[in-house]
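The file data_33.csv comes next; it holds CSV, C-alpha atoms and all ligand atoms.
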```
chain,number,residue,atom,x,y,z
A,1,MET,CA,-17.8,2.4,-31.3
A,2,GLU,CA,-21.0,1.1,-29.7
A,3,ILE,CA,-21.0,0.2,-26.0
A,4,THR,CA,-21.9,-3.5,-25.9
A,5,LYS,CA,-21.3,-4.7,-22.3
A,6,LYS,CA,-22.5,-3.5,-18.9
A,7,ILE,CA,-20.1,-4.5,-16.1
A,8,LEU,CA,-20.6,-4.2,-12.4
A,9,VAL,CA,-17.5,-3.9,-10.2
A,10,ILE,CA,-18.0,-4.9,-6.6
A,11,HIS,CA,-15.6,-4.0,-3.8
A,12,GLY,CA,-16.1,-5.9,-0.6
A,13,PRO,CA,-15.2,-5.2,3.0
A,14,ASN,CA,-12.4,-2.8,4.0
A,15,LEU,CA,-11.7,-1.7,0.5
A,16,ASN,CA,-13.3,1.6,1.3
A,17,LEU,CA,-10.1,2.2,3.3
A,18,LEU,CA,-7.8,1.8,0.3
A,19,GLY,CA,-5.0,4.3,0.5
A,20,GLU,CA,-5.0,4.3,4.3
A,21,ARG,CA,-5.1,0.5,4.8
A,22,GLU,CA,-1.7,-1.3,4.6
A,23,PRO,CA,-0.5,0.9,1.7
A,24,GLY,CA,2.6,-1.3,1.3
A,25,VAL,CA,0.2,-4.2,0.4
A,26,TYR,CA,-2.7,-2.4,-1.3
A,27,GLY,CA,-1.2,0.8,-2.6
A,28,GLU,CA,-1.6,4.4,-1.8
A,29,GLN,CA,-4.6,5.2,-4.0
A,30,SER,CA,-8.0,5.8,-2.3
A,31,LEU,CA,-11.0,3.9,-3.5
A,32,GLU,CA,-12.3,7.1,-5.1
A,33,ILE,CA,-9.1,7.2,-7.2
A,34,VAL,CA,-9.2,3.5,-7.9
A,35,ASN,CA,-12.8,3.8,-9.1
A,36,LYS,CA,-11.9,6.7,-11.3
A,37,SER,CA,-9.2,4.7,-12.9
A,38,ILE,CA,-11.7,1.8,-13.4
A,39,MET,CA,-14.2,4.2,-15.1
A,40,ASP,CA,-11.4,5.6,-17.3
A,41,SER,CA,-10.4,2.1,-18.4
A,42,ALA,CA,-14.0,1.1,-19.0
A,43,LYS,CA,-14.4,4.1,-21.3
A,44,LYS,CA,-11.3,3.3,-23.2
A,45,ILE,CA,-12.5,-0.3,-23.9
A,46,ASN,CA,-16.0,0.7,-24.5
A,47,VAL,CA,-17.8,-1.0,-21.7
A,48,GLU,CA,-20.4,0.6,-19.4
A,49,CYS,CA,-19.4,0.2,-15.8
A,50,ASN,CA,-20.9,0.7,-12.4
A,51,VAL,CA,-19.0,0.5,-9.1
A,52,PHE,CA,-20.3,-0.6,-5.7
A,53,GLN,CA,-18.6,-1.1,-2.3
A,54,SER,CA,-20.0,-2.6,0.9
A,55,ASN,CA,-18.6,-3.9,4.1
A,56,HIS,CA,-21.7,-6.1,4.5
A,57,GLU,CA,-22.1,-9.6,3.2
A,58,GLY,CA,-25.9,-9.4,2.8
A,59,GLU,CA,-25.6,-6.1,0.8
A,60,ILE,CA,-23.1,-7.7,-1.5
A,61,ILE,CA,-25.5,-10.7,-2.0
A,62,ASP,CA,-28.4,-8.3,-2.7
A,63,LYS,CA,-26.3,-6.5,-5.3
A,64,LEU,CA,-25.3,-9.7,-7.0
A,65,HIS,CA,-29.0,-10.7,-7.2
A,66,SER,CA,-30.1,-7.4,-8.6
A,67,ALA,CA,-27.2,-7.5,-11.1
A,68,ARG,CA,-28.7,-10.5,-12.9
A,69,HIS,CA,-31.3,-8.2,-14.6
A,70,ASP,CA,-29.0,-5.4,-15.4
A,71,PHE,CA,-25.4,-6.5,-16.1
A,72,ASP,CA,-23.5,-8.7,-18.5
A,73,GLY,CA,-20.6,-9.4,-16.2
A,74,ILE,CA,-19.3,-8.8,-12.7
A,75,VAL,CA,-15.8,-8.0,-11.4
A,76,ILE,CA,-15.6,-8.8,-7.7
A,77,ASN,CA,-13.0,-8.2,-5.1
A,78,ALA,CA,-14.8,-9.8,-2.2
A,79,GLY,CA,-12.0,-8.9,0.3
A,80,ALA,CA,-11.8,-11.4,3.2
A,81,TYR,CA,-15.2,-12.8,2.3
A,82,THR,CA,-13.4,-14.5,-0.6
A,83,HIS,CA,-11.9,-16.9,1.9
A,84,TYR,CA,-15.0,-18.1,3.7
A,85,SER,CA,-18.3,-16.8,2.4
A,86,TYR,CA,-20.3,-19.7,1.0
A,87,ALA,CA,-23.2,-17.3,0.8
A,88,ILE,CA,-21.4,-15.0,-1.7
A,89,ARG,CA,-20.2,-18.1,-3.6
A,90,ASP,CA,-23.8,-19.4,-3.9
A,91,ALA,CA,-25.1,-15.9,-5.0
A,92,ILE,CA,-22.4,-15.9,-7.8
A,93,SER,CA,-23.4,-19.4,-8.8
A,94,ALA,CA,-27.1,-18.5,-8.7
A,95,ILE,CA,-27.0,-15.5,-11.0
A,96,LYS,CA,-25.3,-17.3,-13.9
A,97,ILE,CA,-23.6,-14.2,-15.3
A,98,PRO,CA,-19.8,-14.3,-15.8
A,99,CYS,CA,-17.9,-13.1,-12.8
A,100,ILE,CA,-14.2,-12.5,-12.4
A,101,GLU,CA,-12.5,-12.5,-9.0
A,102,VAL,CA,-9.9,-9.8,-8.5
A,103,HIS,CA,-7.4,-9.2,-5.7
A,104,ILE,CA,-5.0,-6.3,-5.5
A,105,SER,CA,-2.4,-8.3,-3.6
A,106,ASN,CA,-0.9,-11.6,-4.4
A,107,VAL,CA,-3.0,-13.7,-2.1
A,108,PHE,CA,-0.8,-16.7,-2.6
A,109,ALA,CA,2.3,-14.9,-1.3
A,110,ARG,CA,0.7,-14.0,2.0
A,111,GLU,CA,-0.9,-15.7,5.0
A,112,GLU,CA,-2.0,-19.3,4.3
A,113,PHE,CA,-5.7,-18.5,4.8
A,114,ARG,CA,-5.6,-16.1,1.9
A,115,ALA,CA,-4.6,-18.8,-0.6
A,116,LYS,CA,-8.0,-20.4,-0.4
A,117,SER,CA,-10.9,-18.8,-2.3
A,118,VAL,CA,-14.3,-20.3,-1.9
A,119,ILE,CA,-15.6,-18.2,-4.7
A,120,ALA,CA,-12.9,-19.1,-7.3
A,121,PRO,CA,-14.7,-22.3,-8.5
A,122,VAL,CA,-17.8,-20.4,-9.5
A,123,CYS,CA,-15.9,-17.5,-11.2
A,124,LEU,CA,-14.8,-17.4,-14.8
A,125,GLY,CA,-11.3,-16.8,-13.6
A,126,SER,CA,-9.2,-15.0,-11.0
A,127,ILE,CA,-6.7,-12.2,-11.2
A,128,CYS,CA,-4.4,-11.3,-8.4
A,129,GLY,CA,-1.1,-9.6,-7.5
A,130,PHE,CA,-1.2,-6.9,-10.2
A,131,GLY,CA,-2.4,-4.1,-8.0
A,132,ILE,CA,-5.3,-2.1,-9.4
A,133,GLU,CA,-4.5,-3.1,-13.0
A,134,GLY,CA,-6.3,-6.3,-12.2
A,135,TYR,CA,-9.6,-4.5,-12.5
A,136,THR,CA,-8.7,-3.3,-16.0
A,137,LEU,CA,-7.6,-6.8,-17.0
A,138,ALA,CA,-10.9,-8.2,-15.8
A,139,LEU,CA,-12.9,-5.5,-17.6
A,140,GLN,CA,-11.0,-6.3,-20.8
A,141,VAL,CA,-11.8,-10.0,-20.5
A,142,LEU,CA,-15.5,-9.4,-19.9
A,143,GLY,CA,-15.7,-6.7,-22.5
A,144,ASN,CA,-14.4,-9.1,-25.2
A,145,ARG,CA,-16.8,-11.9,-24.4
B,201,LIG,C1,-7.8,-8.6,-1.0
B,201,LIG,C2,-7.1,-9.8,-0.4
B,201,LIG,C3,-7.9,-10.4,0.8
B,201,LIG,O1,-7.2,-11.5,1.4
B,201,LIG,C4,-8.1,-9.3,1.8
B,201,LIG,O2,-8.9,-9.8,2.9
B,201,LIG,C5,-8.7,-8.0,1.3
B,201,LIG,C6,-8.1,-7.6,0.0
B,201,LIG,C7,-6.9,-8.0,-2.1
B,201,LIG,O3,-7.5,-7.2,-2.9
B,201,LIG,O4,-5.7,-8.3,-2.2
B,201,LIG,O5,-9.5,-7.4,1.9
B,201,LIG,O6,-9.0,-9.1,-1.6
```
Translate this file's structure into structure tokens.
Amino acid sequence: MEITKKILVIHGPNLNLLGEREPGVYGEQSLEIVNKSIMDSAKKINVECNVFQSNHEGEIIDKLHSARHDFDGIVINAGAYTHYSYAIRDAISAIKIPCIEVHISNVFAREEFRAKSVIAPVCLGSICGFGIEGYTLALQVLGNR
């Protein structure tokens, strides 16, 4: 089957520490393993996928801007930036390509500040609380569009 969609997966701050960081909340798999599972899922559903991680707001914004020329969709776990970065929200809004917000944990079952996402209104939809399966679900949705 022909590959039809190119999807970029962006991991925001502190996600480079997956596996070490609060494993009870985020699981025991390292980012490398998570990325491998994302790439395996992408292959199965015939989407081309690139992964990117940064701890820096400006780098995430630059990546979003450059993605507008190269990708059909974006999956973003913006980490804590989700809750307050109007700059990332504006970048998602500016690039006009469909973007799905993913969180590994159930952000609604945690501290109150995590229940607010400033990027959700400019995303196609949000997936949270399903661990790393959320990335696969998001790829499926974007791959089928
Ligand atoms: C997270 C949830 C955020 O509140 C937190 O700041 C993260 C990870 C998640 O994947 O569950 O860094 O986005």
Worksheet entry | Near-Ser54 (chain A) list (8 Å; only C-alpha atoms; drop same-chain fewer than 3 positions) as a PyMOL selection string | chain A and resi 11-13+16+57+59-60
Discussion item. Taking only C-alpha atoms and all ligand atoms and a cut-off of 6 Å, can you tell me which residues surround ligand LIG 201 (chain B), written as number ranges by chain?
Written reply: A: 14, 77-80, 103-105, 107, 114
Worksheet entry | Interatomic distance (Å, one decimal) between CA of Ala115 (chain A) and CA of His83 (chain A) |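 Computing the Euclidean distance for CA of Ala115 (chain A) and CA of His83 (chain A) yields 7.9 Å.
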Worksheet item: Between CA of Ile97 (chain A) and CA of Leu31 (chain A), what is the distance, to one decimal in Å?
Response: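 Between these atoms lies a distance of 25.0 Å.
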Worksheet item: Taking into account all atoms listed in the file, which residue in the set A:Leu18, A:Cys128, A:Leu139, A:Ile88 is nearest to Asn50 (chain A)?
Response: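 Once distances to Asn50 (chain A) are computed over all atoms listed in the file, the minimum belongs to A:Leu139.
Taking CA of Asp40 (chain A) and CA of Thr136 (chain A) as the two end points, the separation is 9.4 Å.
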Item to complete: Counting only C-alpha atoms, figure out which residue out of A:Asp72, A:Arg110, A:Ser66, A:Cys123 gets nearest to Ser93 (chain A).
Response: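 For Ser93 (chain A), the nearest of the given residues is A:Cys123.
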If we count all atoms listed in the file and set the cut-off at 8 Å, which residues sit around Phe71 (chain A), ignoring sequence neighbours fewer than 3 positions away in its own chain? Please answer as a compact mmCIF listing (two decimals) with C-alpha atoms, in the frame of the given file.
```
# COMPACT_ATOMS: atom_id res chain seq x y z
CA LYS A 5 -21.30 -4.70 -22.30
CA LYS A 6 -22.50 -3.50 -18.90
CA ILE A 7 -20.10 -4.50 -16.10
CA LEU A 8 -20.60 -4.20 -12.40
CA ALA A 67 -27.20 -7.50 -11.10
CA ARG A 68 -28.70 -10.50 -12.90
CA ILE A 74 -19.30 -8.80 -12.70
CA ILE A 97 -23.60 -14.20 -15.30
```
Fill in: Among listed residues A:Leu137, A:Ile119, A:Ile132, A:Val25, nearest Tyr84 (chain A) (using only C-alpha atoms)
A:Ile119
